[in-house]
file my_file_30.txt (compact mmCIF, N, CA and C atoms)
# COMPACT_ATOMS: atom_id res chain seq x y z
N MET A 1 0.85 -1.17 0.00
CA MET A 1 0.00 0.00 0.00
C MET A 1 0.90 1.24 0.00
N SER A 2 0.51 2.25 -0.75
CA SER A 2 1.27 3.51 -0.74
C SER A 2 0.30 4.67 -0.57
N TYR A 3 0.85 5.79 -0.09
CA TYR A 3 0.06 6.98 0.18
C TYR A 3 0.70 8.15 -0.55
N VAL A 4 -0.14 9.12 -0.93
CA VAL A 4 0.35 10.32 -1.61
C VAL A 4 -0.18 11.54 -0.86
N LEU A 5 0.70 12.48 -0.58
CA LEU A 5 0.33 13.76 0.02
C LEU A 5 0.77 14.87 -0.91
N ASP A 6 -0.04 15.92 -1.01
CA ASP A 6 0.32 17.09 -1.79
C ASP A 6 0.64 18.23 -0.84
N PHE A 7 1.64 19.03 -1.18
CA PHE A 7 2.06 20.15 -0.36
C PHE A 7 2.13 21.42 -1.19
N GLU A 8 1.85 22.55 -0.56
CA GLU A 8 1.90 23.85 -1.22
C GLU A 8 3.31 24.38 -1.36
N SER A 9 4.15 24.10 -0.37
CA SER A 9 5.48 24.72 -0.30
C SER A 9 6.56 23.69 -0.04
N LYS A 10 7.75 24.01 -0.53
CA LYS A 10 8.93 23.17 -0.33
C LYS A 10 10.06 24.07 0.14
N HIS A 11 10.79 23.61 1.15
CA HIS A 11 11.87 24.41 1.74
C HIS A 11 13.09 23.52 1.91
N LEU A 12 14.21 23.95 1.37
CA LEU A 12 15.47 23.25 1.60
C LEU A 12 16.15 23.89 2.80
N TYR A 13 16.41 23.11 3.84
CA TYR A 13 17.03 23.65 5.04
C TYR A 13 18.50 23.23 5.10
N ASP A 14 19.24 23.94 5.89
CA ASP A 14 20.68 23.71 6.01
C ASP A 14 20.92 22.59 7.02
N SER A 15 21.31 21.43 6.55
CA SER A 15 21.52 20.27 7.42
C SER A 15 22.75 20.42 8.30
N ARG A 16 23.57 21.42 8.05
CA ARG A 16 24.75 21.66 8.89
C ARG A 16 24.38 22.34 10.20
N LEU A 17 23.19 22.96 10.24
CA LEU A 17 22.72 23.61 11.46
C LEU A 17 22.04 22.58 12.36
N GLU A 18 22.03 22.87 13.66
CA GLU A 18 21.30 22.02 14.59
C GLU A 18 19.80 22.17 14.33
N GLY A 19 19.10 21.07 14.19
CA GLY A 19 17.65 21.11 13.99
C GLY A 19 17.26 21.57 12.59
N ILE A 20 15.97 21.66 12.39
CA ILE A 20 15.40 22.11 11.12
C ILE A 20 14.96 23.56 11.30
N THR A 21 15.56 24.45 10.54
CA THR A 21 15.34 25.89 10.70
C THR A 21 14.50 26.43 9.56
N VAL A 22 13.48 27.24 9.91
CA VAL A 22 12.64 27.91 8.92
C VAL A 22 12.47 29.37 9.33
N ASP A 23 12.12 30.21 8.38
CA ASP A 23 11.85 31.63 8.65
C ASP A 23 10.42 31.80 9.14
N VAL A 24 10.26 32.63 10.16
CA VAL A 24 8.97 32.89 10.79
C VAL A 24 8.73 34.40 10.78
N CYS A 25 7.48 34.79 10.60
CA CYS A 25 7.10 36.19 10.76
C CYS A 25 5.90 36.23 11.71
N LEU A 26 6.01 37.02 12.77
CA LEU A 26 4.91 37.25 13.70
C LEU A 26 4.39 38.66 13.49
N THR A 27 3.06 38.82 13.54
CA THR A 27 2.44 40.11 13.34
C THR A 27 1.46 40.38 14.47
N ALA A 28 1.52 41.60 15.01
CA ALA A 28 0.57 42.06 16.02
C ALA A 28 -0.09 43.31 15.46
N GLY A 29 -1.33 43.22 15.10
CA GLY A 29 -2.01 44.36 14.47
C GLY A 29 -1.49 44.60 13.07
N ARG A 30 -1.63 45.81 12.59
CA ARG A 30 -1.23 46.12 11.22
C ARG A 30 0.17 46.70 11.11
N GLU A 31 0.70 47.20 12.23
CA GLU A 31 1.96 47.94 12.15
C GLU A 31 3.16 47.23 12.75
N HIS A 32 2.95 46.23 13.56
CA HIS A 32 4.07 45.60 14.27
C HIS A 32 4.30 44.19 13.76
N TYR A 33 5.54 43.94 13.34
CA TYR A 33 5.91 42.59 12.92
C TYR A 33 7.39 42.37 13.20
N VAL A 34 7.74 41.08 13.28
CA VAL A 34 9.13 40.70 13.47
C VAL A 34 9.36 39.39 12.71
N SER A 35 10.51 39.31 12.04
CA SER A 35 10.89 38.11 11.30
C SER A 35 12.18 37.55 11.88
N PHE A 36 12.28 36.23 11.93
CA PHE A 36 13.45 35.57 12.50
C PHE A 36 13.43 34.10 12.10
N ALA A 37 14.49 33.39 12.41
CA ALA A 37 14.57 31.95 12.15
C ALA A 37 14.19 31.20 13.42
N ALA A 38 13.44 30.11 13.24
CA ALA A 38 13.03 29.26 14.37
C ALA A 38 13.22 27.80 14.00
N LYS A 39 13.26 26.97 15.02
CA LYS A 39 13.41 25.52 14.83
C LYS A 39 12.05 24.85 14.83
N VAL A 40 11.87 23.86 13.97
CA VAL A 40 10.71 22.99 14.02
C VAL A 40 10.96 22.01 15.15
N ASP A 41 10.03 21.95 16.12
CA ASP A 41 10.21 21.08 17.28
C ASP A 41 8.92 20.32 17.53
N THR A 42 8.82 19.12 16.99
CA THR A 42 7.60 18.32 17.12
C THR A 42 7.37 17.84 18.55
N GLY A 43 8.37 17.97 19.41
CA GLY A 43 8.23 17.59 20.81
C GLY A 43 7.81 18.74 21.71
N ALA A 44 7.85 19.97 21.22
CA ALA A 44 7.44 21.12 22.03
C ALA A 44 5.92 21.21 22.06
N ALA A 45 5.36 21.45 23.23
CA ALA A 45 3.91 21.51 23.37
C ALA A 45 3.31 22.71 22.64
N GLN A 46 4.02 23.82 22.62
CA GLN A 46 3.53 25.07 22.05
C GLN A 46 4.64 25.71 21.22
N CYS A 47 4.34 26.89 20.68
CA CYS A 47 5.35 27.72 20.03
C CYS A 47 5.91 28.67 21.08
N PHE A 48 7.24 28.68 21.23
CA PHE A 48 7.91 29.50 22.22
C PHE A 48 8.94 30.38 21.53
N PHE A 49 8.93 31.68 21.89
CA PHE A 49 9.85 32.61 21.26
C PHE A 49 10.50 33.53 22.31
N ARG A 50 11.58 34.16 21.91
CA ARG A 50 12.36 35.06 22.76
C ARG A 50 11.54 36.26 23.23
N ARG A 51 11.84 36.70 24.41
CA ARG A 51 11.16 37.86 25.01
C ARG A 51 11.34 39.12 24.15
N GLU A 52 12.51 39.30 23.56
CA GLU A 52 12.74 40.55 22.81
C GLU A 52 11.81 40.68 21.60
N TYR A 53 11.31 39.58 21.06
CA TYR A 53 10.36 39.67 19.94
C TYR A 53 9.03 40.27 20.41
N ALA A 54 8.63 39.99 21.64
CA ALA A 54 7.42 40.62 22.19
C ALA A 54 7.62 42.13 22.24
N ASP A 55 8.82 42.56 22.63
CA ASP A 55 9.12 43.99 22.69
C ASP A 55 8.99 44.63 21.31
N VAL A 56 9.55 43.99 20.30
CA VAL A 56 9.47 44.52 18.93
C VAL A 56 8.02 44.63 18.47
N LEU A 57 7.19 43.68 18.91
CA LEU A 57 5.78 43.68 18.53
C LEU A 57 4.94 44.65 19.36
N GLY A 58 5.56 45.33 20.29
CA GLY A 58 4.83 46.28 21.13
C GLY A 58 4.00 45.62 22.21
N LEU A 59 4.34 44.39 22.59
CA LEU A 59 3.58 43.65 23.60
C LEU A 59 4.30 43.70 24.95
N ALA A 60 3.52 43.73 26.01
CA ALA A 60 4.07 43.52 27.34
C ALA A 60 4.02 42.01 27.55
N ALA A 61 5.13 41.34 27.30
CA ALA A 61 5.16 39.87 27.27
C ALA A 61 4.53 39.27 28.51
N ASP A 62 4.84 39.79 29.69
CA ASP A 62 4.35 39.19 30.93
C ASP A 62 2.91 39.57 31.26
N ARG A 63 2.23 40.26 30.35
CA ARG A 63 0.81 40.55 30.53
C ARG A 63 -0.06 39.57 29.75
N GLY A 64 0.57 38.62 29.09
CA GLY A 64 -0.18 37.60 28.39
C GLY A 64 -0.67 36.53 29.34
N GLN A 65 -1.27 35.50 28.78
CA GLN A 65 -1.77 34.38 29.57
C GLN A 65 -0.59 33.59 30.13
N ARG A 66 -0.42 33.59 31.46
CA ARG A 66 0.70 32.90 32.09
C ARG A 66 0.39 31.41 32.23
N VAL A 67 1.31 30.59 31.74
CA VAL A 67 1.15 29.14 31.81
C VAL A 67 2.48 28.56 32.29
N THR A 68 2.39 27.56 33.15
CA THR A 68 3.57 26.84 33.60
C THR A 68 3.68 25.56 32.79
N PHE A 69 4.84 25.34 32.18
CA PHE A 69 5.09 24.17 31.36
C PHE A 69 6.10 23.27 32.07
N SER A 70 5.98 21.97 31.84
CA SER A 70 6.90 21.00 32.44
C SER A 70 7.68 20.29 31.36
N THR A 71 8.97 20.09 31.64
CA THR A 71 9.82 19.26 30.79
C THR A 71 10.26 18.06 31.62
N VAL A 72 11.10 17.23 31.06
CA VAL A 72 11.57 16.05 31.77
C VAL A 72 12.29 16.44 33.07
N ASN A 73 13.05 17.53 33.04
CA ASN A 73 13.87 17.85 34.21
C ASN A 73 13.60 19.22 34.83
N SER A 74 12.57 19.94 34.38
CA SER A 74 12.31 21.26 34.97
C SER A 74 10.91 21.76 34.62
N THR A 75 10.59 22.92 35.16
CA THR A 75 9.37 23.63 34.78
C THR A 75 9.76 25.06 34.43
N PHE A 76 8.95 25.71 33.64
CA PHE A 76 9.17 27.11 33.29
C PHE A 76 7.85 27.76 32.98
N GLU A 77 7.82 29.07 33.09
CA GLU A 77 6.64 29.85 32.74
C GLU A 77 6.86 30.54 31.42
N ALA A 78 5.76 30.74 30.70
CA ALA A 78 5.77 31.53 29.47
C ALA A 78 4.42 32.23 29.38
N PHE A 79 4.36 33.26 28.54
CA PHE A 79 3.17 34.10 28.46
C PHE A 79 2.60 34.08 27.05
N GLY A 80 1.32 33.68 26.94
CA GLY A 80 0.68 33.52 25.64
C GLY A 80 0.01 34.78 25.14
N HIS A 81 0.14 35.02 23.84
CA HIS A 81 -0.49 36.14 23.16
C HIS A 81 -1.03 35.64 21.82
N GLU A 82 -2.19 36.15 21.43
CA GLU A 82 -2.74 35.78 20.12
C GLU A 82 -2.15 36.71 19.06
N LEU A 83 -1.49 36.10 18.10
CA LEU A 83 -0.81 36.83 17.03
C LEU A 83 -1.06 36.13 15.71
N THR A 84 -0.62 36.77 14.64
CA THR A 84 -0.62 36.12 13.33
C THR A 84 0.79 35.58 13.10
N ILE A 85 0.86 34.33 12.68
CA ILE A 85 2.14 33.68 12.43
C ILE A 85 2.19 33.24 10.97
N ARG A 86 3.35 33.47 10.33
CA ARG A 86 3.52 33.07 8.93
C ARG A 86 4.82 32.30 8.79
N VAL A 87 4.71 31.13 8.15
CA VAL A 87 5.87 30.30 7.81
C VAL A 87 5.65 29.83 6.38
N MET A 88 6.62 30.12 5.51
CA MET A 88 6.56 29.67 4.11
C MET A 88 5.23 30.04 3.44
N ASP A 89 4.80 31.28 3.57
CA ASP A 89 3.58 31.79 2.94
C ASP A 89 2.30 31.17 3.47
N ILE A 90 2.36 30.44 4.56
CA ILE A 90 1.16 29.91 5.21
C ILE A 90 0.97 30.72 6.48
N GLU A 91 -0.21 31.36 6.59
CA GLU A 91 -0.44 32.33 7.65
C GLU A 91 -1.75 32.04 8.36
N PHE A 92 -1.75 32.19 9.68
CA PHE A 92 -2.97 32.03 10.47
C PHE A 92 -2.76 32.66 11.84
N ASP A 93 -3.87 32.88 12.55
CA ASP A 93 -3.80 33.41 13.92
C ASP A 93 -3.59 32.25 14.87
N SER A 94 -2.82 32.52 15.91
CA SER A 94 -2.48 31.47 16.86
C SER A 94 -2.06 32.08 18.18
N VAL A 95 -2.21 31.34 19.27
CA VAL A 95 -1.65 31.76 20.55
C VAL A 95 -0.23 31.22 20.61
N ILE A 96 0.71 32.12 20.78
CA ILE A 96 2.11 31.73 20.90
C ILE A 96 2.63 32.28 22.23
N TYR A 97 3.73 31.73 22.69
CA TYR A 97 4.24 32.04 24.03
C TYR A 97 5.62 32.67 23.97
N PHE A 98 5.81 33.66 24.83
CA PHE A 98 7.11 34.31 24.98
C PHE A 98 7.70 33.93 26.33
N PHE A 99 9.00 33.66 26.32
CA PHE A 99 9.70 33.42 27.58
C PHE A 99 9.77 34.73 28.36
N PRO A 100 9.67 34.69 29.69
CA PRO A 100 9.74 35.92 30.47
C PRO A 100 11.18 36.44 30.64
N ASP A 101 12.14 35.60 30.43
CA ASP A 101 13.54 35.91 30.71
C ASP A 101 14.28 36.21 29.40
N TYR A 102 14.92 37.37 29.34
CA TYR A 102 15.68 37.75 28.14
C TYR A 102 16.86 36.82 27.86
N SER A 103 17.31 36.08 28.85
CA SER A 103 18.49 35.23 28.65
C SER A 103 18.16 33.95 27.86
N ILE A 104 16.88 33.62 27.71
CA ILE A 104 16.51 32.41 26.96
C ILE A 104 16.51 32.75 25.48
N LYS A 105 17.38 32.13 24.73
CA LYS A 105 17.57 32.42 23.31
C LYS A 105 17.13 31.23 22.46
N ARG A 106 15.88 30.81 22.62
CA ARG A 106 15.37 29.65 21.90
C ARG A 106 14.06 30.04 21.22
N ASP A 107 13.90 29.66 19.96
CA ASP A 107 12.68 29.95 19.20
C ASP A 107 12.23 28.65 18.55
N VAL A 108 11.04 28.16 18.94
CA VAL A 108 10.58 26.88 18.42
C VAL A 108 9.14 26.94 17.96
N LEU A 109 8.88 26.25 16.88
CA LEU A 109 7.53 26.03 16.38
C LEU A 109 7.08 24.67 16.91
N GLY A 110 6.09 24.67 17.79
CA GLY A 110 5.66 23.44 18.44
C GLY A 110 4.35 22.88 17.92
N ARG A 111 3.83 21.93 18.70
CA ARG A 111 2.67 21.17 18.26
C ARG A 111 1.39 22.01 18.23
N ARG A 112 1.06 22.65 19.36
CA ARG A 112 -0.17 23.46 19.40
C ARG A 112 0.16 24.87 18.92
N GLY A 113 -0.65 25.37 18.05
CA GLY A 113 -0.44 26.73 17.55
C GLY A 113 0.29 26.79 16.22
N TRP A 114 0.92 25.66 15.83
CA TRP A 114 1.57 25.63 14.51
C TRP A 114 1.42 24.24 13.88
N LEU A 115 2.03 23.25 14.47
CA LEU A 115 2.01 21.91 13.87
C LEU A 115 0.58 21.38 13.73
N ASP A 116 -0.32 21.74 14.65
CA ASP A 116 -1.71 21.29 14.55
C ASP A 116 -2.50 22.06 13.49
N ARG A 117 -1.86 23.00 12.80
CA ARG A 117 -2.54 23.80 11.77
C ARG A 117 -1.99 23.55 10.36
N VAL A 118 -0.97 22.68 10.27
CA VAL A 118 -0.32 22.44 8.98
C VAL A 118 -0.21 20.94 8.69
N ARG A 119 0.06 20.64 7.44
CA ARG A 119 0.51 19.30 7.04
C ARG A 119 1.99 19.43 6.77
N LEU A 120 2.78 18.58 7.40
CA LEU A 120 4.22 18.68 7.36
C LEU A 120 4.82 17.38 6.86
N GLY A 121 5.75 17.50 5.93
CA GLY A 121 6.52 16.36 5.46
C GLY A 121 8.00 16.71 5.54
N ILE A 122 8.80 15.77 6.01
CA ILE A 122 10.24 15.99 6.12
C ILE A 122 10.96 14.81 5.49
N VAL A 123 11.87 15.13 4.58
CA VAL A 123 12.79 14.13 4.04
C VAL A 123 14.18 14.61 4.45
N ASP A 124 14.61 14.17 5.62
CA ASP A 124 15.83 14.69 6.21
C ASP A 124 17.05 14.33 5.37
N TYR A 125 17.04 13.18 4.74
CA TYR A 125 18.16 12.76 3.89
C TYR A 125 18.43 13.78 2.78
N GLU A 126 17.35 14.45 2.33
CA GLU A 126 17.46 15.47 1.27
C GLU A 126 17.39 16.89 1.84
N SER A 127 17.36 17.04 3.16
CA SER A 127 17.25 18.35 3.83
C SER A 127 16.07 19.15 3.28
N THR A 128 14.93 18.49 3.15
CA THR A 128 13.76 19.10 2.54
C THR A 128 12.56 19.02 3.47
N LEU A 129 11.88 20.16 3.61
CA LEU A 129 10.65 20.24 4.39
C LEU A 129 9.53 20.63 3.43
N TYR A 130 8.42 19.93 3.52
CA TYR A 130 7.23 20.22 2.72
C TYR A 130 6.14 20.71 3.66
N LEU A 131 5.36 21.72 3.24
CA LEU A 131 4.37 22.31 4.12
C LEU A 131 3.13 22.76 3.36
N SER A 132 1.97 22.53 3.97
CA SER A 132 0.68 23.04 3.49
C SER A 132 -0.17 23.40 4.70
N ALA A 133 -1.10 24.33 4.50
CA ALA A 133 -2.09 24.56 5.55
C ALA A 133 -2.90 23.29 5.71
N TYR A 134 -3.29 22.99 6.90
CA TYR A 134 -4.01 21.74 7.17
C TYR A 134 -5.29 21.62 6.36
N ASN A 135 -6.02 22.72 6.23
CA ASN A 135 -7.32 22.68 5.57
C ASN A 135 -7.25 22.77 4.05
N GLU A 136 -6.05 22.82 3.48
CA GLU A 136 -5.92 22.86 2.02
C GLU A 136 -6.05 21.44 1.46
N ALA A 137 -6.71 21.34 0.31
CA ALA A 137 -6.91 20.02 -0.31
C ALA A 137 -5.64 19.50 -0.92
call {"tool": "encode", "arguments": {"input": "my_file_30.txt", "output": "structure tokens"}}
result
Amino acid sequence: MSYVLDFESKHLYDSRLEGITVDVCLTAGREHYVSFAAKVDTGAAQCFFRREYADVLGLAADRGQRVTFSTVNSTFEAFGHELTIRVMDIEFDSVIYFFPDYSIKRDVLGRRGWLDRVRLGIVDYESTLYLSAYNEA
């Protein structure tokens, strides 16, 4: 038995870098946006981004919805805000989380808020990521 999936976009990523890196754009309202590179992290519960990006977007990061997250060896807090997120020309509104501490320099696209809204294919041997909005035929 074989299966066929169709994707809207194809992205060649740099296999020399740690993880799979894609360009992300976050938008708050009509005037505030920030673009940066983030890692695809299928193990992350949510999308988590650096505190300084909240500043660029004109948000008070710690005024968002505070949630405590658990990992295998620790817990941490992050603050959720509803924003527009765009990756590879696929755009939608989502709640994403900012770290409260400026020293955390990690940006990840996680399961809720991104992965649950797209169809994703990865052929790591070819350093290729395929992406479509989930609701696209």
call {"tool": "residues_around", "arguments": {"input": "my_file_30.txt", "residues": "A:Leu129", "least_positions_apart": "3", "cutoff": "6.5 Å", "atoms": "only N, CA and C atoms", "output": "short mmCIF file (atom, residue, chain, number, x, y, z; two decimals) with N, CA and C atoms, keeping the file's coordinate frame"}}
result
data_model
loop_
_atom_site.label_atom_id
_atom_site.label_comp_id
_atom_site.auth_asym_id
_atom_site.auth_seq_id
_atom_site.Cartn_x
_atom_site.Cartn_y
_atom_site.Cartn_z
N SER A 9 4.15 24.10 -0.37
CA SER A 9 5.48 24.72 -0.30
C SER A 9 6.56 23.69 -0.04
N LYS A 10 7.75 24.01 -0.53
CA LYS A 10 8.93 23.17 -0.33
C LYS A 10 10.06 24.07 0.14
N HIS A 11 10.79 23.61 1.15
CA HIS A 11 11.87 24.41 1.74
C HIS A 11 13.09 23.52 1.91
N LEU A 12 14.21 23.95 1.37
CA LEU A 12 15.47 23.25 1.60
C LEU A 12 16.15 23.89 2.80
N TYR A 13 16.41 23.11 3.84
CA TYR A 13 17.03 23.65 5.04
C TYR A 13 18.50 23.23 5.10
N GLY A 121 5.75 17.50 5.93
CA GLY A 121 6.52 16.36 5.46
C GLY A 121 8.00 16.71 5.54
N ILE A 122 8.80 15.77 6.01
CA ILE A 122 10.24 15.99 6.12
C ILE A 122 10.96 14.81 5.49
N VAL A 123 11.87 15.13 4.58
CA VAL A 123 12.79 14.13 4.04
C VAL A 123 14.18 14.61 4.45
#
call {"tool": "select_by_dssp", "arguments": {"input": "my_file_30.txt", "residues": "chain A", "states": "helix (DSSP H, G or I)", "output": "list in words"}}
result
Arg51, Glu52, Tyr53, Ala54, Asp55, Val56, Ala61, Asp62, Arg63, Leu115, Asp116, Arg117, Asp124, Tyr125 and Glu126 of chain A
call {"tool": "write_last_selection", "arguments": {"input": "my_file_30.txt", "atoms": "N, CA and C atoms", "output": "short mmCIF file (atom, residue, chain, number, x, y, z; two decimals), in the coordinates of the input"}}
result
data_model
loop_
_atom_site.label_atom_id
_atom_site.label_comp_id
_atom_site.auth_asym_id
_atom_site.auth_seq_id
_atom_site.Cartn_x
_atom_site.Cartn_y
_atom_site.Cartn_z
N ARG A 51 11.84 36.70 24.41
CA ARG A 51 11.16 37.86 25.01
C ARG A 51 11.34 39.12 24.15
N GLU A 52 12.51 39.30 23.56
CA GLU A 52 12.74 40.55 22.81
C GLU A 52 11.81 40.68 21.60
N TYR A 53 11.31 39.58 21.06
CA TYR A 53 10.36 39.67 19.94
C TYR A 53 9.03 40.27 20.41
N ALA A 54 8.63 39.99 21.64
CA ALA A 54 7.42 40.62 22.19
C ALA A 54 7.62 42.13 22.24
N ASP A 55 8.82 42.56 22.63
CA ASP A 55 9.12 43.99 22.69
C ASP A 55 8.99 44.63 21.31
N VAL A 56 9.55 43.99 20.30
CA VAL A 56 9.47 44.52 18.93
C VAL A 56 8.02 44.63 18.47
N ALA A 61 5.13 41.34 27.30
CA ALA A 61 5.16 39.87 27.27
C ALA A 61 4.53 39.27 28.51
N ASP A 62 4.84 39.79 29.69
CA ASP A 62 4.35 39.19 30.93
C ASP A 62 2.91 39.57 31.26
N ARG A 63 2.23 40.26 30.35
CA ARG A 63 0.81 40.55 30.53
C ARG A 63 -0.06 39.57 29.75
N LEU A 115 2.03 23.25 14.47
CA LEU A 115 2.01 21.91 13.87
C LEU A 115 0.58 21.38 13.73
N ASP A 116 -0.32 21.74 14.65
CA ASP A 116 -1.71 21.29 14.55
C ASP A 116 -2.50 22.06 13.49
N ARG A 117 -1.86 23.00 12.80
CA ARG A 117 -2.54 23.80 11.77
C ARG A 117 -1.99 23.55 10.36
N ASP A 124 14.61 14.17 5.62
CA ASP A 124 15.83 14.69 6.21
C ASP A 124 17.05 14.33 5.37
N TYR A 125 17.04 13.18 4.74
CA TYR A 125 18.16 12.76 3.89
C TYR A 125 18.43 13.78 2.78
N GLU A 126 17.35 14.45 2.33
CA GLU A 126 17.46 15.47 1.27
C GLU A 126 17.39 16.89 1.84
#
call {"tool": "residues_around", "arguments": {"input": "my_file_30.txt", "residues": "A:Ile104", "least_positions_apart": "4", "cutoff": "9 Å", "atoms": "only C-alpha atoms", "output": "PDB file with N, CA and C atoms, keeping the file's coordinate frame"}}
result
ATOM      1  N   PHE A  49       8.930  31.680  21.890  1.00  0.00           N
ATOM      2  CA  PHE A  49       9.850  32.610  21.260  1.00  0.00           C
ATOM      3  C   PHE A  49      10.500  33.530  22.310  1.00  0.00           C
ATOM      4  N   ARG A  50      11.580  34.160  21.910  1.00  0.00           N
ATOM      5  CA  ARG A  50      12.360  35.060  22.760  1.00  0.00           C
ATOM      6  C   ARG A  50      11.540  36.260  23.230  1.00  0.00           C
ATOM      7  N   ARG A  51      11.840  36.700  24.410  1.00  0.00           N
ATOM      8  CA  ARG A  51      11.160  37.860  25.010  1.00  0.00           C
ATOM      9  C   ARG A  51      11.340  39.120  24.150  1.00  0.00           C
ATOM     10  N   PHE A  99       9.000  33.660  26.320  1.00  0.00           N
ATOM     11  CA  PHE A  99       9.700  33.420  27.580  1.00  0.00           C
ATOM     12  C   PHE A  99       9.770  34.730  28.360  1.00  0.00           C
ATOM     13  N   PRO A 100       9.670  34.690  29.690  1.00  0.00           N
ATOM     14  CA  PRO A 100       9.740  35.920  30.470  1.00  0.00           C
ATOM     15  C   PRO A 100      11.180  36.440  30.640  1.00  0.00           C
TER      16      PRO A 100
END
call {"tool": "closest_residue", "arguments": {"input": "my_file_30.txt", "among": "A:Ala133, A:Ala60, A:Ala54, A:Val72", "to": "A:Ile96", "atoms": "only C-alpha atoms"}}
result
A:Ala54
call {"tool": "residues_around", "arguments": {"input": "my_file_30.txt", "residues": "A:Ser15", "least_positions_apart": "3", "cutoff": "8 Å", "atoms": "only N, CA and C atoms", "output": "PDB file with N, CA and C atoms, keeping the file's coordinate frame"}}
result
ATOM      1  N   LEU A  12      14.210  23.950   1.370  1.00  0.00           N
ATOM      2  CA  LEU A  12      15.470  23.250   1.600  1.00  0.00           C
ATOM      3  C   LEU A  12      16.150  23.890   2.800  1.00  0.00           C
ATOM      4  N   GLU A  18      22.030  22.870  13.660  1.00  0.00           N
ATOM      5  CA  GLU A  18      21.300  22.020  14.590  1.00  0.00           C
ATOM      6  C   GLU A  18      19.800  22.170  14.330  1.00  0.00           C
ATOM      7  N   GLY A  19      19.100  21.070  14.190  1.00  0.00           N
ATOM      8  CA  GLY A  19      17.650  21.110  13.990  1.00  0.00           C
ATOM      9  C   GLY A  19      17.260  21.570  12.590  1.00  0.00           C
ATOM     10  N   ILE A  20      15.970  21.660  12.390  1.00  0.00           N
ATOM     11  CA  ILE A  20      15.400  22.110  11.120  1.00  0.00           C
ATOM     12  C   ILE A  20      14.960  23.560  11.300  1.00  0.00           C
ATOM     13  N   THR A  21      15.560  24.450  10.540  1.00  0.00           N
ATOM     14  CA  THR A  21      15.340  25.890  10.700  1.00  0.00           C
ATOM     15  C   THR A  21      14.500  26.430   9.560  1.00  0.00           C
ATOM     16  N   ASP A 124      14.610  14.170   5.620  1.00  0.00           N
ATOM     17  CA  ASP A 124      15.830  14.690   6.210  1.00  0.00           C
ATOM     18  C   ASP A 124      17.050  14.330   5.370  1.00  0.00           C
ATOM     19  N   GLU A 126      17.350  14.450   2.330  1.00  0.00           N
ATOM     20  CA  GLU A 126      17.460  15.470   1.270  1.00  0.00           C
ATOM     21  C   GLU A 126      17.390  16.890   1.840  1.00  0.00           C
ATOM     22  N   SER A 127      17.360  17.040   3.160  1.00  0.00           N
ATOM     23  CA  SER A 127      17.250  18.350   3.830  1.00  0.00           C
ATOM     24  C   SER A 127      16.070  19.150   3.280  1.00  0.00           C
ATOM     25  N   THR A 128      14.930  18.490   3.150  1.00  0.00           N
ATOM     26  CA  THR A 128      13.760  19.100   2.540  1.00  0.00           C
ATOM     27  C   THR A 128      12.560  19.020   3.470  1.00  0.00           C
TER      28      THR A 128
END
call {"tool": "residues_around", "arguments": {"input": "my_file_30.txt", "residues": "A:Thr42", "least_positions_apart": "6", "cutoff": "9 Å", "atoms": "only C-alpha atoms", "output": "list in words"}}
result
Leu109, Gly110, Arg111 and Leu115 of chain A
call {"tool": "closest_residue", "arguments": {"input": "my_file_30.txt", "among": "A:Thr71, A:Gln46, A:Tyr33, A:Val22", "to": "A:Arg112", "atoms": "all atoms listed in the file"}}
result
A:Gln46
call {"tool": "atom_distance", "arguments": {"input": "my_file_30.txt", "atom1": "atom CA of A:Asn135", "atom2": "atom C of A:Ser94"}}
result
16.6 Å
call {"tool": "atom_distance", "arguments": {"input": "my_file_30.txt", "atom1": "atom N of A:Ala78", "atom2": "atom C of A:Val95"}}
result
11.7 Å
call {"tool": "atom_distance", "arguments": {"input": "my_file_30.txt", "atom1": "atom CA of A:Gly113", "atom2": "atom CA of A:Leu26"}}
result
12.4 Å
call {"tool": "residues_near_point", "arguments": {"input": "my_file_30.txt", "point": "(4.4, 34.5, 24.7)", "cutoff": "5 Å", "atoms": "all atoms listed in the file", "output": "ChimeraX atom specification"}}
result
/A:79-81,96-99
call {"tool": "residues_around", "arguments": {"input": "my_file_30.txt", "residues": "A:Val87", "least_positions_apart": "3", "cutoff": "6.5 Å", "atoms": "all atoms listed in the file", "output": "list of chain:residue names"}}
result
A:Asp23, A:Val24, A:Cys25, A:Ile90, A:Glu91
